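Visitor: Can you keep this structure in mind? I'll have questions shortly.
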Amino acid sequence: MDSQHQSVGAEEIQRDIETLRTDGIVGKKSAFSREWAENMREDMMTAFWTSIQRPGGAVGRGPRRWYVEIHPEEFSGFVDLVTHPWVVAMCENALGKDYQIVEIGFDVPFQGAKFQPWHRDFPSPRDTYEDRRITSLAFNLTGVDVTEDMGPFEVAPGTQYDDGREWKHEMFPPKEIWPTFQSRAVRKFPQLGDISCRSALTVHRGTAHASPISRPVMVLGVDAPGAGHAELHDMMVTQAYFDSLPDIVKQHLVCRVVDELVPVTQKHDIEGLVMGSDPA
């Protein structure tokens with residue numbers, strides 16, 4: 001889909017890795033063309049309208065907000081994304097040379113979506129809360145130019161190392177400490193073609209969505225070896241598709257090779273997000 005992969009310098013990567021380790025999130029502007037990102041949006045919305053019609057196809061992440069997992073073949077830009085030099089370099093430097101691609105999906109809020117509770121995507125492993133080692137990454141790519149009324153993503157930088165074992169499901173901090181996150185909260189307004197990379201443990205939330213324009217965002221999940229999140233997903237590829245993949249993708253993709261793709265039935269249901277929240 002996109003042939004404009006830019007090279008990335010060692011200094012840029014070192015700086016971005018340092019920002020990731022400090023803030024828990026970092027971005028790269030204009031990693032892809034706007035046309036590429038518009039095609040990605042089309043793929044996301046096509047997959048959404050298909051998945052919402054079958055049980056287990058789309059998981060509620062709050063009122064008027066859903067998460068849909070897809071197979072690599074359902075996203076025409078998948079190879080472009082996972083071979084982008086910045087994505088590869090961030091994975092190698094943060095997670096190690098044997099990083100594992102475990103998830104591809106998208107989150108989509110519509111008009112009427114509410115504030116989510118502050119949360120992280122998984123319980124923190126000892127490697128992170130004790131040793132300050134990042135063992136999983138989530139790359140996000142917006143399908144629209146995000147504006148204030150589109151329920152922008154809100155993140156609390158530096159919270160990826162918070163222990164969290166006392167939180168509900170080890171993922172949801174209690175309301176009484178929400179002001180801690182709100183005091184450092186940053187809202188993100190990415191444009192078509194931008195990529196962000198964050199620790200899945202950096203505390204974040206979606207905000208209230210007033211716009212009639214939906215805000216789909218692609219999510220690529222990558223693990224360090226042993227992180228274990230592949231068990232929450234079930235990526236499949238057909239043999240012909242697998243055979244067509246570059247070696248750098250085959251080496252890192254955790255998936256089943258099947259004769260025929262079966263729609264994903266979601267396993268990673270974040271129970272605490274289903275009801276939504278107050279902006280308190």
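Letters A, B, ... go to the chains of the structure tokens in the order shown; residues in each chain start at 1; ligands are counted from 1 in the same order.
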What's the 8 Å shell around Thr83 of chain A, counting only C-alpha atoms, without same-chain residues fewer than 3 positions away, as a PyMOL selection string?

Guide: chain A and resi 79-80+87-88+248-249

Visitor: How would the residues just picked look written out with N, CA and C atoms as a JSON list (two decimals), in the first residue's frame?

Guide:
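Written output follows (again-v2.json):
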```json
[["chain", "number", "residue", "atom", "x", "y", "z"],
["A", 79, "VAL", "N", 1.53, -5.53, 6.22],
["A", 79, "VAL", "CA", 2.96, -5.72, 5.99],
["A", 79, "VAL", "C", 3.69, -4.39, 6.03],
["A", 80, "ASP", "N", 3.09, -3.35, 5.43],
["A", 80, "ASP", "CA", 3.68, -2.01, 5.50],
["A", 80, "ASP", "C", 3.92, -1.60, 6.95],
["A", 87, "VAL", "N", 8.87, 1.16, 13.40],
["A", 87, "VAL", "CA", 8.18, 0.12, 14.18],
["A", 87, "VAL", "C", 9.16, -1.01, 14.52],
["A", 88, "VAL", "N", 9.90, -1.47, 13.52],
["A", 88, "VAL", "CA", 10.87, -2.55, 13.73],
["A", 88, "VAL", "C", 11.92, -2.13, 14.75],
["A", 248, "ILE", "N", 11.16, -11.12, 7.55],
["A", 248, "ILE", "CA", 11.15, -10.36, 8.81],
["A", 248, "ILE", "C", 9.77, -10.42, 9.48],
["A", 249, "VAL", "N", 8.72, -10.60, 8.70],
["A", 249, "VAL", "CA", 7.39, -10.74, 9.28],
["A", 249, "VAL", "C", 7.17, -12.17, 9.77]]
```

Visitor: Would you give me, as JSON lines, each residue of segment 132-171 of chain A having an atom within 8 Å of an atom of segment 190-214 of chain A, along with its shortest atom pair and that distance in Å to one decimal, using only C-alpha atoms and sorting by chain and residue number?

Guide:
```
{"residue": "A:Ile134", "atom": "CA", "partner": "A:Ser199", "partner_atom": "CA", "distance": 6.6}
{"residue": "A:Thr135", "atom": "CA", "partner": "A:Ser199", "partner_atom": "CA", "distance": 7.9}
{"residue": "A:Ser136", "atom": "CA", "partner": "A:Ser199", "partner_atom": "CA", "distance": 6.0}
{"residue": "A:Leu137", "atom": "CA", "partner": "A:Ser199", "partner_atom": "CA", "distance": 4.8}
{"residue": "A:Ala138", "atom": "CA", "partner": "A:Arg198", "partner_atom": "CA", "distance": 5.4}
{"residue": "A:Phe139", "atom": "CA", "partner": "A:Cys197", "partner_atom": "CA", "distance": 4.4}
{"residue": "A:Asn140", "atom": "CA", "partner": "A:Ser196", "partner_atom": "CA", "distance": 5.2}
{"residue": "A:Leu141", "atom": "CA", "partner": "A:Ile195", "partner_atom": "CA", "distance": 5.0}
{"residue": "A:Thr142", "atom": "CA", "partner": "A:Leu192", "partner_atom": "CA", "distance": 6.0}
{"residue": "A:Gly143", "atom": "CA", "partner": "A:Leu192", "partner_atom": "CA", "distance": 6.2}
{"residue": "A:Val144", "atom": "CA", "partner": "A:Leu192", "partner_atom": "CA", "distance": 5.7}
{"residue": "A:Asp145", "atom": "CA", "partner": "A:Gln191", "partner_atom": "CA", "distance": 4.2}
{"residue": "A:Val146", "atom": "CA", "partner": "A:Pro190", "partner_atom": "CA", "distance": 5.8}
{"residue": "A:Asp149", "atom": "CA", "partner": "A:Ala210", "partner_atom": "CA", "distance": 5.2}
{"residue": "A:Met150", "atom": "CA", "partner": "A:His209", "partner_atom": "CA", "distance": 4.8}
{"residue": "A:Gly151", "atom": "CA", "partner": "A:His209", "partner_atom": "CA", "distance": 4.0}
{"residue": "A:Pro152", "atom": "CA", "partner": "A:Thr207", "partner_atom": "CA", "distance": 5.8}
{"residue": "A:Phe153", "atom": "CA", "partner": "A:Gly206", "partner_atom": "CA", "distance": 4.8}
{"residue": "A:Glu154", "atom": "CA", "partner": "A:Arg205", "partner_atom": "CA", "distance": 5.4}
{"residue": "A:Val155", "atom": "CA", "partner": "A:His204", "partner_atom": "CA", "distance": 4.2}
{"residue": "A:Ala156", "atom": "CA", "partner": "A:Val203", "partner_atom": "CA", "distance": 5.6}
{"residue": "A:Pro157", "atom": "CA", "partner": "A:Thr202", "partner_atom": "CA", "distance": 6.8}
{"residue": "A:Gly158", "atom": "CA", "partner": "A:Thr202", "partner_atom": "CA", "distance": 6.9}
{"residue": "A:Thr159", "atom": "CA", "partner": "A:Thr202", "partner_atom": "CA", "distance": 5.1}
{"residue": "A:Gln160", "atom": "CA", "partner": "A:Thr202", "partner_atom": "CA", "distance": 3.9}
{"residue": "A:Tyr161", "atom": "CA", "partner": "A:Leu201", "partner_atom": "CA", "distance": 7.5}
```

Visitor: Selection from above, N, CA, C and O atoms, as a CSV table (one decimal), in the first residue's frame, can you write it?

Guide:
```csv
chain,number,residue,atom,x,y,z
A,134,ILE,N,10.1,-2.8,30.1
A,134,ILE,CA,8.9,-2.8,29.2
A,134,ILE,C,8.9,-4.2,28.5
A,134,ILE,O,9.9,-4.5,27.8
A,135,THR,N,7.8,-4.9,28.6
A,135,THR,CA,7.7,-6.2,28.0
A,135,THR,C,6.6,-6.3,26.9
A,135,THR,O,6.4,-7.4,26.3
A,136,SER,N,5.8,-5.2,26.7
A,136,SER,CA,4.8,-5.2,25.7
A,136,SER,C,4.6,-3.8,25.1
A,136,SER,O,4.8,-2.8,25.9
A,137,LEU,N,4.3,-3.7,23.9
A,137,LEU,CA,4.1,-2.4,23.2
A,137,LEU,C,2.8,-2.5,22.5
A,137,LEU,O,2.3,-3.5,21.9
A,138,ALA,N,2.1,-1.3,22.4
A,138,ALA,CA,0.9,-1.1,21.6
A,138,ALA,C,1.2,0.1,20.7
A,138,ALA,O,1.5,1.2,21.1
A,139,PHE,N,1.2,-0.2,19.4
A,139,PHE,CA,1.3,0.9,18.4
A,139,PHE,C,-0.1,1.3,17.9
A,139,PHE,O,-1.0,0.4,17.7
A,140,ASN,N,-0.4,2.6,17.9
A,140,ASN,CA,-1.7,3.1,17.5
A,140,ASN,C,-1.6,4.0,16.3
A,140,ASN,O,-0.6,4.8,16.2
A,141,LEU,N,-2.5,3.8,15.3
A,141,LEU,CA,-2.6,4.6,14.1
A,141,LEU,C,-4.0,5.1,13.9
A,141,LEU,O,-4.9,4.3,13.8
A,142,THR,N,-4.2,6.4,13.9
A,142,THR,CA,-5.5,7.0,13.8
A,142,THR,C,-6.0,6.9,12.4
A,142,THR,O,-5.3,7.0,11.4
A,143,GLY,N,-7.4,6.7,12.3
A,143,GLY,CA,-8.0,6.7,11.0
A,143,GLY,C,-8.6,8.0,10.6
A,143,GLY,O,-9.2,8.2,9.5
A,144,VAL,N,-8.4,9.1,11.5
A,144,VAL,CA,-8.9,10.4,11.2
A,144,VAL,C,-7.9,11.4,11.8
A,144,VAL,O,-7.1,11.1,12.6
A,145,ASP,N,-8.1,12.7,11.3
A,145,ASP,CA,-7.4,13.8,12.0
A,145,ASP,C,-8.2,14.1,13.3
A,145,ASP,O,-9.3,14.5,13.2
A,146,VAL,N,-7.6,13.8,14.4
A,146,VAL,CA,-8.3,13.9,15.7
A,146,VAL,C,-8.5,15.4,16.1
A,146,VAL,O,-7.6,16.1,16.1
A,149,ASP,N,-13.4,17.3,19.8
A,149,ASP,CA,-14.7,16.8,20.0
A,149,ASP,C,-14.8,15.3,19.7
A,149,ASP,O,-15.9,14.7,19.7
A,150,MET,N,-13.7,14.7,19.3
A,150,MET,CA,-13.7,13.3,18.9
A,150,MET,C,-13.2,12.3,20.0
A,150,MET,O,-12.8,11.2,19.7
A,151,GLY,N,-13.4,12.7,21.2
A,151,GLY,CA,-13.0,11.9,22.3
A,151,GLY,C,-11.6,11.5,22.3
A,151,GLY,O,-11.3,10.3,22.3
A,152,PRO,N,-10.6,12.4,22.2
A,152,PRO,CA,-9.2,12.0,22.1
A,152,PRO,C,-8.7,11.1,23.2
A,152,PRO,O,-9.2,11.1,24.3
A,153,PHE,N,-7.7,10.3,22.8
A,153,PHE,CA,-7.0,9.5,23.8
A,153,PHE,C,-6.3,10.3,24.8
A,153,PHE,O,-5.7,11.3,24.5
A,154,GLU,N,-6.4,9.9,26.1
A,154,GLU,CA,-5.8,10.7,27.2
A,154,GLU,C,-4.9,9.7,27.9
A,154,GLU,O,-5.3,8.6,28.2
A,155,VAL,N,-3.7,10.2,28.2
A,155,VAL,CA,-2.7,9.3,28.8
A,155,VAL,C,-2.0,10.0,29.9
A,155,VAL,O,-1.9,11.2,29.9
A,156,ALA,N,-1.6,9.2,30.9
A,156,ALA,CA,-0.9,9.8,32.1
A,156,ALA,C,0.6,9.3,32.0
A,156,ALA,O,0.9,8.2,32.4
A,157,PRO,N,1.5,10.2,31.4
A,157,PRO,CA,2.8,9.8,31.2
A,157,PRO,C,3.6,9.3,32.5
A,157,PRO,O,3.3,9.9,33.6
A,158,GLY,N,4.4,8.3,32.3
A,158,GLY,CA,5.2,7.8,33.5
A,158,GLY,C,4.6,6.8,34.3
A,158,GLY,O,5.2,6.3,35.3
A,159,THR,N,3.3,6.5,34.0
A,159,THR,CA,2.6,5.5,34.9
A,159,THR,C,2.8,4.1,34.5
A,159,THR,O,2.2,3.2,35.2
A,160,GLN,N,3.6,3.8,33.5
A,160,GLN,CA,3.8,2.4,33.1
A,160,GLN,C,4.5,1.6,34.2
A,160,GLN,O,4.4,0.4,34.2
A,161,TYR,N,5.2,2.3,35.1
A,161,TYR,CA,5.9,1.5,36.2
A,161,TYR,C,5.1,1.4,37.5
A,161,TYR,O,5.6,0.9,38.5
```

Visitor: Of the residues A:Thr147, A:His71, A:Glu18, A:Glu170, which is the one nearest to Glu260 of chain A, using only C-alpha atoms?

Guide: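 Smallest separation from Glu260 of chain A among the options: A:His71.
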
Visitor: Extract the full set of helix (DSSP H, G or I) residues from segment 22-202 of chain A according to DSSP on the backbone, and format it as an NGL selection string.

Guide: :A and (22-23 or 34-51 or 72-74 or 78-82 or 85-95 or 126-129 or 159-161 or 175-182)

Visitor: Using only C-alpha atoms, find each residue of segment 66-92 of chain A with at least one atom at most 10 Å away from an atom of segment 25-31 of chain A; report its shortest atom-to-atom pair and that distance in Å (one decimal), sort the rows by chain and rising residue number, and return the result as a tab-separated table.

Guide:
```
residue	atom	partner	partner_atom	distance
A:Leu81	CA	A:Ala31	CA	9.5
A:His84	CA	A:Ala31	CA	8.2
A:Pro85	CA	A:Ala31	CA	9.5
A:Trp86	CA	A:Lys28	CA	8.1
A:Val87	CA	A:Lys28	CA	9.6
```

Visitor: Could you build a table of the residues in segment 71-181 of chain A lying no more than 10 Å from segment 48-58 of chain A, giving for each the nearest pair of atoms and their separation in Å rounded to one decimal place, using only C-alpha atoms, ordered by chain and ascending residue number, as CSV?

Guide:
```
residue,atom,partner,partner_atom,distance
A:Phe106,CA,A:Phe48,CA,8.8
A:Asp107,CA,A:Phe48,CA,9.5
A:Val108,CA,A:Phe48,CA,8.5
```

Visitor: Output N, CA and C atoms for every residue in that selection, as an mmCIF file, in the first residue's frame.

Guide:
```
data_model
loop_
_atom_site.group_PDB
_atom_site.id
_atom_site.type_symbol
_atom_site.label_atom_id
_atom_site.label_comp_id
_atom_site.auth_asym_id
_atom_site.auth_seq_id
_atom_site.Cartn_x
_atom_site.Cartn_y
_atom_site.Cartn_z
ATOM 1 N N PHE A 106 -8.614 -2.979 16.155
ATOM 2 C CA PHE A 106 -8.866 -1.537 16.204
ATOM 3 C C PHE A 106 -9.960 -1.221 17.207
ATOM 4 N N ASP A 107 -9.852 -0.021 17.740
ATOM 5 C CA ASP A 107 -10.815 0.524 18.686
ATOM 6 C C ASP A 107 -11.602 1.593 17.942
ATOM 7 N N VAL A 108 -12.923 1.630 18.125
ATOM 8 C CA VAL A 108 -13.681 2.663 17.420
ATOM 9 C C VAL A 108 -14.795 3.218 18.319
#
```

Visitor: Would you mind reading off the distance between atom CA of Val217 of chain A and atom CA of Val68 of chain A, one decimal, in Å?

Guide: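 These two atoms are separated by 10.5 Å.
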
Visitor: Would you list, as a ChimeraX atom specification, the residues of segment 172-274 of chain A that end up in strand (DSSP E or B) under DSSP run on this structure's backbone?

Guide: /A:172,186-187,195-199,204-206,209,217-223,236-238,253,256-258
